$ cat my_file20.tsv   # TSV, C-alpha atoms and all ligand atoms
chain	number	residue	atom	x	y	z
A	1042	MET	CA	60.19	-189.48	90.23
A	1043	ILE	CA	57.81	-190.41	87.41
A	1044	GLU	CA	59.11	-191.19	83.94
A	1045	PHE	CA	57.23	-192.22	80.80
A	1046	TYR	CA	57.49	-192.14	77.01
A	1047	THR	CA	54.89	-191.03	74.46
A	1048	GLY	CA	55.09	-191.66	70.72
A	1049	ILE	CA	54.28	-188.53	68.74
A	1050	GLY	CA	54.77	-188.76	64.98
A	1051	ASP	CA	58.22	-190.26	64.47
A	1052	LYS	CA	59.48	-189.13	67.92
A	1053	GLU	CA	59.46	-190.74	71.35
A	1054	VAL	CA	58.99	-187.95	73.85
A	1055	ARG	CA	60.37	-188.70	77.33
A	1056	THR	CA	58.63	-187.04	80.28
A	1057	ILE	CA	60.17	-186.81	83.73
A	1058	VAL	CA	58.32	-185.30	86.70
A	1059	GLY	CA	59.80	-185.04	90.17
A	1060	LYS	CA	61.69	-183.06	92.75
A	1061	GLY	CA	65.27	-182.07	91.97
A	1062	VAL	CA	65.32	-184.02	88.71
A	1063	LEU	CA	66.66	-181.38	86.31
A	1064	GLU	CA	70.37	-181.40	87.16
A	1065	ASP	CA	70.86	-185.06	86.20
A	1066	VAL	CA	68.97	-184.61	82.95
A	1067	ILE	CA	71.24	-181.71	81.98
A	1068	LEU	CA	74.38	-183.59	83.00
A	1069	SER	CA	73.40	-186.65	80.95
A	1070	ALA	CA	72.33	-184.72	77.82
A	1071	LYS	CA	74.33	-185.71	74.79
A	1072	GLU	CA	77.11	-183.76	73.05
A	1073	LYS	CA	77.48	-180.02	73.42
A	1074	LYS	CA	74.59	-178.31	75.21
A	1075	LEU	CA	73.22	-174.82	75.43
A	1076	LEU	CA	71.16	-173.89	78.48
A	1077	VAL	CA	68.88	-170.91	77.84
A	1078	TYR	CA	67.45	-169.50	81.07
A	1079	PRO	CA	65.75	-166.34	82.35
A	1080	THR	CA	67.44	-163.69	84.48
A	1081	SER	CA	64.97	-164.52	87.28
A	1082	LEU	CA	66.58	-167.99	87.61
A	1083	LYS	CA	70.21	-166.85	87.49
A	1084	GLU	CA	70.84	-167.83	91.10
A	1085	TYR	CA	69.59	-171.37	90.47
A	1086	VAL	CA	71.76	-171.69	87.35
A	1087	ASN	CA	74.86	-170.44	89.17
A	1088	LYS	CA	74.49	-173.29	91.69
A	1089	LEU	CA	73.85	-175.92	89.02
A	1090	LYS	CA	76.46	-178.63	88.40
A	1091	SER	CA	76.62	-178.57	84.65
A	1092	ASP	CA	78.97	-178.38	81.71
A	1093	ALA	CA	76.38	-176.60	79.55
A	1094	ILE	CA	77.16	-173.35	77.75
A	1095	LYS	CA	74.83	-170.78	79.28
A	1096	TYR	CA	72.73	-168.08	77.66
A	1097	GLU	CA	70.71	-165.67	79.80
A	1098	VAL	CA	67.61	-163.84	78.54
A	1099	GLN	CA	64.97	-161.56	80.00
A	1100	ASP	CA	61.74	-163.57	79.81
A	1101	GLY	CA	58.14	-162.38	79.25
A	1102	GLU	CA	56.29	-161.79	75.97
A	1103	GLY	CA	59.15	-159.54	74.76
A	1104	VAL	CA	61.45	-162.54	74.35
A	1105	LYS	CA	59.02	-164.10	71.85
A	1106	ASP	CA	60.49	-162.02	69.09
A	1107	LEU	CA	62.27	-162.93	65.86
A	1108	ASN	CA	65.23	-160.69	66.72
A	1109	ARG	CA	65.68	-162.37	70.13
A	1110	ALA	CA	65.45	-165.76	68.39
A	1111	MET	CA	68.12	-164.70	65.87
A	1112	GLU	CA	70.39	-163.59	68.72
A	1113	ILE	CA	70.23	-167.11	70.13
A	1114	VAL	CA	70.94	-168.54	66.66
A	1115	GLU	CA	73.90	-166.17	66.30
A	1116	PHE	CA	75.29	-167.25	69.68
A	1117	MET	CA	74.90	-170.96	68.87
A	1118	PHE	CA	76.55	-170.47	65.49
A	1119	SER	CA	79.48	-168.63	67.07
A	1120	LYS	CA	79.94	-171.56	69.49
A	1121	GLY	CA	79.88	-174.08	66.66
A	1122	PHE	CA	76.63	-175.89	67.56
A	1123	ASP	CA	75.53	-178.52	65.05
A	1124	ARG	CA	72.65	-180.96	64.58
A	1125	GLY	CA	74.04	-183.50	67.03
A	1126	ASP	CA	73.97	-181.01	69.90
A	1127	THR	CA	71.32	-180.15	72.48
A	1128	VAL	CA	69.42	-177.02	73.48
A	1129	ILE	CA	67.79	-176.85	76.90
A	1130	ALA	CA	64.92	-174.38	77.31
A	1131	MET	CA	64.62	-173.67	81.02
A	1132	GLY	CA	61.92	-171.20	82.08
A	1133	GLY	CA	58.27	-170.31	81.66
A	1134	GLY	CA	56.18	-170.60	78.50
A	1135	THR	CA	57.75	-167.56	76.89
A	1136	ILE	CA	61.19	-169.19	77.02
A	1137	SER	CA	60.02	-172.61	75.81
A	1138	ASP	CA	58.14	-170.96	72.92
A	1139	VAL	CA	61.12	-168.99	71.60
A	1140	VAL	CA	63.78	-171.62	72.32
A	1141	GLY	CA	61.60	-174.39	70.88
A	1142	PHE	CA	61.35	-172.34	67.71
A	1143	VAL	CA	65.12	-171.83	67.54
A	1144	ALA	CA	65.77	-175.54	68.17
A	1145	SER	CA	63.42	-176.45	65.31
A	1146	VAL	CA	65.01	-174.19	62.69
A	1147	TYR	CA	68.71	-174.20	63.65
A	1148	MET	CA	70.35	-176.53	61.10
A	1149	ARG	CA	66.84	-177.89	60.46
A	1150	GLY	CA	66.45	-179.05	64.02
A	1151	LEU	CA	68.58	-180.20	66.92
A	1152	ASN	CA	67.89	-182.05	70.13
A	1153	LEU	CA	65.52	-180.07	72.39
A	1154	ILE	CA	64.99	-180.54	76.13
A	1155	ILE	CA	62.30	-178.42	77.76
A	1156	ALA	CA	62.53	-177.74	81.48
A	1157	PRO	CA	59.42	-175.71	82.37
A	1158	THR	CA	59.67	-173.66	85.58
A	1159	THR	CA	56.12	-172.26	85.86
A	1160	LEU	CA	53.01	-174.35	86.48
A	1161	LEU	CA	51.57	-173.16	83.15
A	1162	GLY	CA	54.78	-174.26	81.45
A	1163	MET	CA	54.70	-177.69	83.13
A	1164	VAL	CA	51.07	-178.48	82.34
A	1165	ASP	CA	50.67	-176.74	79.01
A	1166	ALA	CA	53.27	-174.58	77.22
A	1167	ALA	CA	56.11	-177.14	77.27
A	1168	ILE	CA	53.81	-179.94	76.08
A	1169	GLY	CA	52.67	-180.69	72.56
A	1170	GLY	CA	55.39	-179.32	70.30
A	1171	LYS	CA	53.91	-175.94	69.42
A	1172	ASN	CA	56.36	-173.06	69.60
A	1173	GLY	CA	56.53	-169.58	68.20
A	1174	VAL	CA	57.31	-165.92	68.36
A	1175	ASN	CA	54.97	-162.94	68.12
A	1176	PHE	CA	54.87	-160.62	65.12
A	1177	LYS	CA	53.51	-157.06	64.92
A	1178	ASN	CA	51.82	-157.49	68.30
A	1179	VAL	CA	49.99	-160.63	67.22
A	1180	LYS	CA	50.81	-163.75	69.23
A	1181	ASN	CA	52.52	-166.81	67.78
A	1182	VAL	CA	52.42	-165.71	64.13
A	1183	ILE	CA	55.78	-167.33	63.35
A	1184	GLY	CA	56.39	-170.83	64.65
A	1185	THR	CA	56.62	-174.53	63.97
A	1186	PHE	CA	55.52	-177.86	65.39
A	1187	TYR	CA	58.60	-179.47	66.93
A	1188	GLN	CA	58.61	-182.11	69.64
A	1189	PRO	CA	61.27	-182.07	72.36
A	1190	SER	CA	63.13	-185.28	73.11
A	1191	THR	CA	62.57	-184.69	76.84
A	1192	ILE	CA	60.20	-182.70	79.01
A	1193	VAL	CA	61.53	-182.43	82.54
A	1194	ALA	CA	59.17	-180.88	85.10
A	1195	ASP	CA	61.20	-180.28	88.25
A	1196	ILE	CA	58.69	-179.37	90.94
A	1197	ASP	CA	61.41	-177.66	93.01
A	1198	PHE	CA	60.77	-174.63	90.79
A	1199	LEU	CA	57.21	-174.28	92.07
A	1200	SER	CA	58.44	-173.29	95.53
A	1201	THR	CA	59.52	-169.85	94.28
A	1202	LEU	CA	56.54	-169.31	92.01
A	1203	PRO	CA	54.16	-166.57	93.21
A	1204	ARG	CA	50.78	-167.98	94.33
A	1205	GLN	CA	48.96	-166.06	91.63
A	1206	GLU	CA	51.03	-167.83	88.93
A	1207	LEU	CA	50.04	-171.14	90.55
A	1208	THR	CA	46.34	-170.19	90.54
A	1209	ARG	CA	46.46	-169.07	86.91
A	1210	GLY	CA	48.17	-172.30	85.86
A	1211	MET	CA	45.40	-174.27	87.59
A	1212	ALA	CA	42.89	-173.02	85.00
A	1213	GLU	CA	44.49	-175.23	82.31
A	1214	VAL	CA	44.73	-178.13	84.77
A	1215	ILE	CA	41.02	-177.86	85.56
A	1216	LYS	CA	40.30	-177.69	81.81
A	1217	TYR	CA	41.84	-181.17	81.28
A	1218	SER	CA	39.77	-182.59	84.12
A	1219	ILE	CA	36.48	-181.22	82.78
A	1220	VAL	CA	36.72	-182.33	79.18
A	1221	LEU	CA	39.06	-185.33	79.38
A	1222	ASP	CA	39.40	-186.91	82.80
A	1223	LYS	CA	36.65	-187.29	85.40
A	1224	ASP	CA	38.91	-189.16	87.86
A	1225	PHE	CA	41.28	-186.23	87.70
A	1226	TYR	CA	38.33	-183.90	88.42
A	1227	ASP	CA	37.59	-185.93	91.55
A	1228	PHE	CA	41.26	-185.78	92.57
A	1229	LEU	CA	41.31	-181.99	92.15
A	1230	ALA	CA	38.06	-181.69	94.10
A	1231	MET	CA	39.50	-183.61	97.04
A	1232	ASN	CA	42.97	-182.10	97.21
A	1233	GLN	CA	42.65	-178.32	96.88
A	1234	GLU	CA	44.50	-177.54	100.07
A	1235	LYS	CA	47.46	-179.81	99.38
A	1236	ILE	CA	47.73	-178.59	95.81
A	1237	MET	CA	47.65	-174.91	96.67
A	1238	GLU	CA	50.21	-175.49	99.42
A	1239	GLY	CA	52.46	-177.14	96.83
A	1240	ASP	CA	52.50	-180.57	98.51
A	1241	GLN	CA	55.05	-182.66	96.60
A	1242	SER	CA	53.05	-185.77	95.84
A	1243	ALA	CA	49.87	-183.82	95.05
A	1244	MET	CA	51.81	-181.58	92.65
A	1245	GLU	CA	53.47	-184.57	91.00
A	1246	GLU	CA	50.01	-186.02	90.39
A	1247	VAL	CA	48.59	-182.72	89.05
A	1248	ILE	CA	51.49	-182.23	86.64
A	1249	THR	CA	51.78	-185.84	85.50
A	1250	ARG	CA	48.02	-186.22	84.88
A	1251	SER	CA	47.92	-182.92	82.97
A	1252	ILE	CA	50.91	-183.86	80.80
A	1253	ARG	CA	49.51	-187.35	80.12
A	1254	ASN	CA	46.11	-185.91	79.14
A	1255	LYS	CA	47.64	-183.34	76.79
A	1256	LEU	CA	50.17	-185.75	75.24
A	1257	ASN	CA	47.45	-188.34	74.69
A	1258	ILE	CA	45.49	-185.82	72.60
A	1259	VAL	CA	48.59	-184.53	70.80
A	1260	SER	CA	49.72	-188.06	69.91
A	1261	GLN	CA	46.39	-188.57	68.10
A	1262	ASP	CA	46.38	-185.24	66.28
A	1263	GLU	CA	49.81	-183.61	66.42
A	1264	ARG	CA	49.16	-180.93	63.80
A	1265	GLU	CA	45.52	-180.15	64.59
A	1266	THR	CA	44.26	-181.67	61.35
A	1267	LYS	CA	41.90	-184.35	62.70
A	1268	GLY	CA	39.57	-182.31	64.86
A	1269	ILE	CA	40.87	-183.93	68.06
A	1270	ARG	CA	43.46	-181.44	69.32
A	1271	ILE	CA	40.71	-178.82	69.27
A	1272	VAL	CA	39.53	-180.16	72.66
A	1273	LEU	CA	42.49	-178.35	74.24
A	1274	ASN	CA	40.71	-175.17	73.19
A	1275	PHE	CA	37.84	-175.58	75.66
A	1276	GLY	CA	37.25	-172.18	77.27
A	1277	HIS	CA	39.62	-170.51	74.83
A	1278	THR	CA	37.12	-169.10	72.29
A	1279	ILE	CA	35.43	-166.89	74.87
A	1280	GLY	CA	38.71	-166.66	76.82
A	1281	HIS	CA	40.54	-165.17	73.84
A	1282	ALA	CA	37.62	-162.80	73.27
A	1283	ILE	CA	37.99	-161.60	76.87
A	1284	GLU	CA	41.73	-161.11	76.43
A	1285	ALA	CA	41.16	-159.17	73.20
A	1286	GLY	CA	38.28	-157.15	74.71
A	1287	SER	CA	40.53	-156.10	77.59
A	1288	SER	CA	43.38	-155.21	75.19
A	1289	PHE	CA	45.25	-158.14	76.78
A	1290	SER	CA	45.25	-156.67	80.29
A	1291	VAL	CA	43.40	-159.73	81.65
A	1292	HIS	CA	45.76	-162.69	82.23
A	1293	HIS	CA	45.20	-165.71	79.97
A	1294	GLY	CA	44.50	-168.11	82.86
A	1295	LEU	CA	41.80	-165.84	84.31
A	1296	ALA	CA	40.26	-165.20	80.89
A	1297	ILE	CA	39.93	-168.91	80.09
A	1298	SER	CA	38.48	-169.54	83.53
A	1299	VAL	CA	35.56	-167.22	82.71
A	1300	GLY	CA	35.66	-168.64	79.17
A	1301	MET	CA	35.15	-172.21	80.43
A	1302	THR	CA	32.18	-171.09	82.51
A	1303	CYS	CA	30.57	-169.35	79.51
A	1304	GLU	CA	31.22	-172.26	77.18
A	1305	ALA	CA	29.82	-174.76	79.69
A	1306	LYS	CA	26.68	-172.59	79.89
A	1307	ILE	CA	26.44	-172.60	76.10
A	1308	SER	CA	26.75	-176.38	76.08
A	1309	GLU	CA	24.09	-176.81	78.74
A	1310	GLU	CA	21.69	-174.27	77.26
A	1311	ILE	CA	21.87	-175.65	73.73
A	1312	GLY	CA	21.41	-179.10	75.18
A	1313	TYR	CA	24.75	-180.70	74.31
A	1314	SER	CA	25.62	-181.47	77.89
A	1315	GLU	CA	23.99	-183.10	80.85
A	1316	GLU	CA	22.42	-180.76	83.34
A	1317	GLY	CA	24.84	-179.90	86.11
A	1318	ILE	CA	27.98	-179.35	84.06
A	1319	VAL	CA	27.90	-175.59	84.69
A	1320	GLU	CA	27.73	-176.21	88.42
A	1321	ASP	CA	30.63	-178.68	88.22
A	1322	VAL	CA	32.75	-176.21	86.25
A	1323	THR	CA	31.99	-173.14	88.36
A	1324	TRP	CA	32.38	-174.98	91.65
A	1325	MET	CA	35.82	-176.29	90.74
A	1326	LEU	CA	37.12	-173.00	89.32
A	1327	SER	CA	35.88	-171.02	92.33
A	1328	SER	CA	37.35	-173.49	94.78
A	1329	TYR	CA	40.79	-172.75	93.30
A	1330	GLY	CA	40.19	-168.99	93.55
A	1331	LEU	CA	39.60	-168.58	89.81
A	1332	PRO	CA	36.99	-166.15	88.41
A	1333	ILE	CA	33.74	-167.38	86.87
A	1334	THR	CA	32.15	-164.06	85.91
A	1335	ILE	CA	33.30	-161.02	84.04
A	1336	ASP	CA	32.74	-158.85	87.14
A	1337	GLU	CA	35.49	-160.69	88.99
A	1338	LEU	CA	38.06	-159.60	86.41
A	1339	GLU	CA	40.03	-156.43	86.87
A	1340	GLY	CA	39.87	-154.05	83.95
A	1341	LYS	CA	37.13	-153.10	81.55
A	1342	ILE	CA	36.07	-155.42	78.76
A	1343	ASP	CA	35.04	-153.79	75.48
A	1344	VAL	CA	32.27	-156.18	74.42
A	1345	ASN	CA	32.33	-155.10	70.75
A	1346	LEU	CA	36.08	-155.67	70.56
A	1347	ALA	CA	35.60	-159.06	72.21
A	1348	LEU	CA	32.83	-160.10	69.79
A	1349	SER	CA	34.79	-158.97	66.75
A	1350	SER	CA	37.71	-161.13	67.87
A	1351	ILE	CA	35.39	-164.17	67.86
A	1352	SER	CA	34.46	-163.58	64.22
A	1353	LYS	CA	38.17	-163.42	63.32
A	1354	ASP	CA	38.83	-166.80	64.98
A	1355	LYS	CA	40.87	-169.18	62.78
A	1356	LYS	CA	38.21	-171.86	63.25
A	1357	VAL	CA	35.35	-169.91	61.63
A	1358	ARG	CA	34.07	-171.58	58.42
A	1359	SER	CA	31.10	-170.24	56.41
A	1360	GLY	CA	29.57	-168.47	59.38
A	1361	TYR	CA	30.06	-171.37	61.82
A	1362	LEU	CA	32.65	-171.73	64.56
A	1363	MET	CA	34.03	-175.13	65.51
A	1364	MET	CA	34.14	-175.52	69.30
A	1365	PRO	CA	34.83	-178.32	71.78
A	1366	LEU	CA	32.06	-178.45	74.40
A	1367	PRO	CA	31.75	-180.65	77.49
A	1368	THR	CA	28.93	-183.19	77.33
A	1369	ARG	CA	29.43	-184.57	80.84
A	1370	LEU	CA	32.43	-184.53	83.21
A	1371	GLY	CA	35.46	-185.96	81.40
A	1372	GLN	CA	33.77	-186.05	77.99
A	1373	TRP	CA	33.37	-183.63	75.10
A	1374	ARG	CA	32.19	-183.28	71.54
A	1375	ARG	CA	33.00	-181.05	68.62
A	1376	VAL	CA	30.21	-178.68	67.71
A	1377	ASP	CA	29.78	-176.23	64.81
A	1378	ILE	CA	27.91	-173.26	66.24
A	1379	PRO	CA	26.48	-170.49	64.04
A	1380	LEU	CA	28.42	-167.31	64.74
A	1381	GLU	CA	25.19	-165.43	65.35
A	1382	THR	CA	24.12	-167.86	68.08
A	1383	LEU	CA	27.58	-167.78	69.64
A	1384	ASN	CA	27.66	-163.98	69.62
A	1385	GLY	CA	24.32	-163.93	71.43
A	1386	PHE	CA	25.62	-166.21	74.18
A	1387	ALA	CA	28.95	-164.37	74.36
A	1388	LYS	CA	27.16	-161.04	74.79
A	1389	GLN	CA	25.18	-162.46	77.72
A	1390	CYS	CA	28.38	-163.72	79.36
A	1391	LEU	CA	30.45	-160.61	78.79
A	1392	SER	CA	27.95	-157.91	79.74
B	1401	LIG	N1	53.34	-173.51	73.02
B	1401	LIG	C1	52.24	-173.79	73.69
B	1401	LIG	O1	51.59	-174.81	73.48
B	1401	LIG	C2	51.76	-172.81	74.72
B	1401	LIG	C3	50.68	-173.13	75.55
B	1401	LIG	C4	50.29	-172.24	76.54
B	1401	LIG	C5	50.96	-171.03	76.68
B	1401	LIG	N2	52.00	-170.75	75.85
B	1401	LIG	C6	52.74	-169.47	75.99
B	1401	LIG	O2	53.32	-169.44	77.27
B	1401	LIG	C7	53.53	-168.07	77.63
B	1401	LIG	C8	53.13	-167.87	79.08
B	1401	LIG	O3	53.90	-168.73	79.89
B	1401	LIG	P1	54.21	-168.38	81.42
B	1401	LIG	O4	52.95	-168.03	82.11
B	1401	LIG	O5	55.05	-169.47	81.97
B	1401	LIG	O6	54.98	-166.99	81.27
B	1401	LIG	P2	56.48	-166.50	81.52
B	1401	LIG	O7	57.45	-167.31	80.76
B	1401	LIG	O8	56.46	-165.04	81.21
B	1401	LIG	O9	56.71	-166.70	83.08
B	1401	LIG	C9	55.89	-166.02	84.00
B	1401	LIG	C10	56.72	-165.33	85.07
B	1401	LIG	O10	57.21	-166.29	85.98
B	1401	LIG	C11	58.61	-166.06	86.24
B	1401	LIG	N3	59.17	-167.36	86.59
B	1401	LIG	C12	59.46	-168.40	85.80
B	1401	LIG	N4	59.83	-169.45	86.52
B	1401	LIG	C13	59.81	-169.06	87.82
B	1401	LIG	C14	60.08	-169.71	89.07
B	1401	LIG	N5	60.41	-170.99	89.12
B	1401	LIG	N6	59.93	-168.98	90.19
B	1401	LIG	C15	59.54	-167.70	90.16
B	1401	LIG	N7	59.26	-167.04	89.03
B	1401	LIG	C16	59.38	-167.71	87.87
B	1401	LIG	C17	59.12	-165.47	84.97
B	1401	LIG	O11	60.32	-164.77	85.19
B	1401	LIG	C18	57.95	-164.58	84.55
B	1401	LIG	O12	58.02	-163.34	85.19
B	1401	LIG	C19	52.72	-167.23	76.66
B	1401	LIG	O13	53.59	-166.59	75.74
B	1401	LIG	C20	51.87	-168.25	75.93
B	1401	LIG	O14	51.59	-167.86	74.59
B	1401	LIG	C21	52.42	-171.61	74.90
$ encode --input "my_file20.tsv" --output "structure tokens" --more "lines below"
Ligand SMILES: NC(=O)c1ccc[n+]([C@@H]2O[C@H](COP(=O)([O-])OP(=O)(O)OC[C@H]3O[C@@H](n4cnc5c(N)ncnc54)[C@H](O)[C@@H]3O)[C@@H](O)[C@H]2O)c1
Amino acid sequence: MIEFYTGIGDKEVRTIVGKGVLEDVILSAKEKKLLVYPTSLKEYVNKLKSDAIKYEVQDGEGVKDLNRAMEIVEFMFSKGFDRGDTVIAMGGGTISDVVGFVASVYMRGLNLIIAPTTLLGMVDAAIGGKNGVNFKNVKNVIGTFYQPSTIVADIDFLSTLPRQELTRGMAEVIKYSIVLDKDFYDFLAMNQEKIMEGDQSAMEEVITRSIRNKLNIVSQDERETKGIRIVLNFGHTIGHAIEAGSSFSVHHGLAISVGMTCEAKISEEIGYSEEGIVEDVTWMLSSYGLPITIDELEGKIDVNLALSSISKDKKVRSGYLMMPLPTRLGQWRRVDIPLETLNGFAKQCLS
């Protein structure tokens, strides 16, 4: 088991990674506790030794909804939860997003423990304090920044996760290695087989390194105001365009995989990065079975729709888009690219 603490704002966030570690964390949580979990993990919850009050939901994007959030609030209120109590969000990113939001607004915030059960949840969604629900079909319109007291990544959950969920989660893992951590890149390059077989110590390393990399960035720029947290967006500008251009039929992990390839090409072609970065990025993504070209994605991409989503990006200022680009393995810089130039590159990548 690995345990460490990270200071973020005025909070100390505890992270625990290991096999079979969740039960003890739940048992030792303070005061009254609510365990919110998805129907798909009902069997696990039934076997759990715990005195928590349980609340089952159907997960997926549909649970990221203000009405579902209010149902949880209603339930907690009926059970007399107050600010000294604890909410445990157990599940994938959709559960941690909605429950994190509820925990942040219920009585102005109570103790939150996040227990991610998907690889994407463990390496990304549960980390960093962003939460939210969707509104009128637009993702994460309503949400807050709210750090959990504990993140507990129990790798036992990965044994039931479909392989494709594992592969898709690896896209975010590879992202950290490319822009933040060259040693991690080397580790991923040497351990593909173990990682994709779910080897315990390899998975502990993958998850711990990913969490450390993300928390390190978040601790420097919790609310995305200093131009540092933007690095976590590598691959996401073109990735989001691909998702939008496919009317969200392409999975996020696959879209950012192609997105990282395109953005590495942009970096190399404009001359921000050392030669070879594109090869490093594409080799790693392919070796984990992730797509690097638009042709490898299922479903048609409407290029015009994709390009128009880039111009609506929140980071566009006076015709320029702020992007994090890799300069060499493990390093990055922030670049303001004229929208026109970016659209030209994006068109090349997406056609
Ligand atoms: N807040 C953030 O910083 C952040 C970051 C990245 C993604 N997200 C959000 O995360 C969400 C996606 O997360 P996700 O991919 O985990 O989706 P998800 O929560 O829908 O889970 C994916 C699927 O895996 C199943 N599942 C969960 N745990 C399982 C297990 N142990 N074994 C077998 N099946 C299991 C679920 O039932 C579901 O069908 C999106 O809504 C995205 O916006 C948030």
$ residues_near_ligand --input "my_file20.tsv" --ligand "ligand LIG 1401 (chain B)" --cutoff "8 Å" --atoms "all atoms listed in the file" --output "number ranges by chain"
A: 1079-1082, 1099-1102, 1105, 1132-1138, 1157-1162, 1165-1173, 1180-1181, 1197-1203, 1206, 1210
$ axis_aligned_box --input "my_file20.tsv" --around "segment 1330-1338 of chain A" --padding-each-side "8 Å" --output "AutoDock Vina command-line options"
--center_x 36.2 --center_y -163.9 --center_z 88.8 --size_x 24.0 --size_y 26.1 --size_z 25.5
$ closest_residue --input "my_file20.tsv" --among "A:Ala1347, A:Phe1122, A:Trp1373, A:Lys1177" --to "Glu1315 of chain A" --atoms "all atoms listed in the file"
A:Trp1373
$ atom_distance --input "my_file20.tsv" --atom1 "atom CA of Asp1262 of chain A" --atom2 "atom CA of Pro1367 of chain A"
19.0 Å
$ atom_distance --input "my_file20.tsv" --atom1 "atom CA of Ala1230 of chain A" --atom2 "atom CA of Met1325 of chain A"
6.7 Å
$ residues_around --input "my_file20.tsv" --residues "Ser1290 of chain A" --least-positions-apart "6" --cutoff "12 Å" --atoms "all atoms listed in the file" --output "count of residues only"
10
$ residues_near_point --input "my_file20.tsv" --point "(51.3, -188.3, 86.5)" --cutoff "10 Å" --atoms "only C-alpha atoms" --output "VMD selection string"
chain A and resid 1042 to 1045 1056 to 1059 1242 to 1254
$ residues_around --input "my_file20.tsv" --residues "segment 1149-1154 of chain A" --least-positions-apart "6" --cutoff "9 Å" --atoms "all atoms listed in the file" --output "short mmCIF file (atom, residue, chain, number, x, y, z; two decimals) with C-alpha atoms, in the coordinates of the input"
data_model
loop_
_atom_site.label_atom_id
_atom_site.label_comp_id
_atom_site.auth_asym_id
_atom_site.auth_seq_id
_atom_site.Cartn_x
_atom_site.Cartn_y
_atom_site.Cartn_z
CA VAL A 1066 68.97 -184.61 82.95
CA ILE A 1067 71.24 -181.71 81.98
CA ALA A 1070 72.33 -184.72 77.82
CA LYS A 1071 74.33 -185.71 74.79
CA ASP A 1123 75.53 -178.52 65.05
CA ARG A 1124 72.65 -180.96 64.58
CA GLY A 1125 74.04 -183.50 67.03
CA ASP A 1126 73.97 -181.01 69.90
CA THR A 1127 71.32 -180.15 72.48
CA VAL A 1128 69.42 -177.02 73.48
CA ILE A 1129 67.79 -176.85 76.90
CA ALA A 1130 64.92 -174.38 77.31
CA MET A 1131 64.62 -173.67 81.02
CA VAL A 1140 63.78 -171.62 72.32
CA GLY A 1141 61.60 -174.39 70.88
CA VAL A 1143 65.12 -171.83 67.54
CA TYR A 1187 58.60 -179.47 66.93
CA GLN A 1188 58.61 -182.11 69.64
CA PRO A 1189 61.27 -182.07 72.36
CA SER A 1190 63.13 -185.28 73.11
CA THR A 1191 62.57 -184.69 76.84
CA ILE A 1192 60.20 -182.70 79.01
CA VAL A 1193 61.53 -182.43 82.54
#
$ residues_around --input "my_file20.tsv" --residues "Gln1205 of chain A" --least-positions-apart "4" --cutoff "10 Å" --atoms "only C-alpha atoms" --output "list in words"
Arg1209, Gly1210, Met1211, Gly1330 and Leu1331 of chain A
$ atom_distance --input "my_file20.tsv" --atom1 "atom CA of Leu1273 of chain A" --atom2 "atom CA of Asn1257 of chain A"
11.2 Å
$ closest_residue --input "my_file20.tsv" --among "A:Tyr1226, A:Pro1332, A:Glu1316, A:Ala1282" --to "Leu1391 of chain A" --atoms "all atoms listed in the file"
A:Ala1282
$ closest_residue --input "my_file20.tsv" --among "A:Ile1269, A:Ala1387, A:Ile1183, A:Leu1346" --to "Glu1304 of chain A" --atoms "all atoms listed in the file"
A:Ala1387
$ closest_residue --input "my_file20.tsv" --among "A:Asp1354, A:Ser1298, A:Trp1324, A:Val1220" --to "Arg1375 of chain A" --atoms "only C-alpha atoms"
A:Val1220
$ residues_near_point --input "my_file20.tsv" --point "(70.5, -162.8, 68.5)" --cutoff "12 Å" --atoms "all atoms listed in the file" --output "ChimeraX atom specification"
/A:1096-1098,1104,1106-1119,1139-1140,1143
$ closest_residue --input "my_file20.tsv" --among "A:Lys1088, A:Lys1095, A:Lys1216, A:Lys1255" --to "Thr1302 of chain A" --atoms "all atoms listed in the file"
A:Lys1216
$ decode --input "my_file20.tsv" --residues "segment 1256-1261 of chain A" --atoms "N, CA, C and O atoms" --output "PDB file, in the first residue's frame"
ATOM      1  N   LEU A1256      -1.648  15.794  -9.036  1.00  0.00           N
ATOM      2  CA  LEU A1256      -1.754  16.589  -7.801  1.00  0.00           C
ATOM      3  C   LEU A1256      -0.657  17.651  -7.719  1.00  0.00           C
ATOM      4  O   LEU A1256      -0.877  18.742  -7.196  1.00  0.00           O
ATOM      5  N   ASN A1257       0.518  17.329  -8.230  1.00  0.00           N
ATOM      6  CA  ASN A1257       1.605  18.300  -8.216  1.00  0.00           C
ATOM      7  C   ASN A1257       1.212  19.553  -9.010  1.00  0.00           C
ATOM      8  O   ASN A1257       1.437  20.682  -8.577  1.00  0.00           O
ATOM      9  N   ILE A1258       0.593  19.349 -10.159  1.00  0.00           N
ATOM     10  CA  ILE A1258       0.136  20.487 -10.970  1.00  0.00           C
ATOM     11  C   ILE A1258      -1.010  21.220 -10.260  1.00  0.00           C
ATOM     12  O   ILE A1258      -1.010  22.446 -10.142  1.00  0.00           O
ATOM     13  N   VAL A1259      -1.968  20.455  -9.748  1.00  0.00           N
ATOM     14  CA  VAL A1259      -3.140  21.067  -9.109  1.00  0.00           C
ATOM     15  C   VAL A1259      -2.719  21.877  -7.876  1.00  0.00           C
ATOM     16  O   VAL A1259      -3.248  22.954  -7.611  1.00  0.00           O
ATOM     17  N   SER A1260      -1.726  21.367  -7.140  1.00  0.00           N
ATOM     18  CA  SER A1260      -1.308  22.084  -5.926  1.00  0.00           C
ATOM     19  C   SER A1260      -0.678  23.440  -6.276  1.00  0.00           C
ATOM     20  O   SER A1260      -0.664  24.354  -5.472  1.00  0.00           O
ATOM     21  N   GLN A1261      -0.173  23.586  -7.503  1.00  0.00           N
ATOM     22  CA  GLN A1261       0.409  24.870  -7.908  1.00  0.00           C
ATOM     23  C   GLN A1261      -0.621  25.817  -8.508  1.00  0.00           C
ATOM     24  O   GLN A1261      -0.400  27.015  -8.617  1.00  0.00           O
TER      25      GLN A1261
END
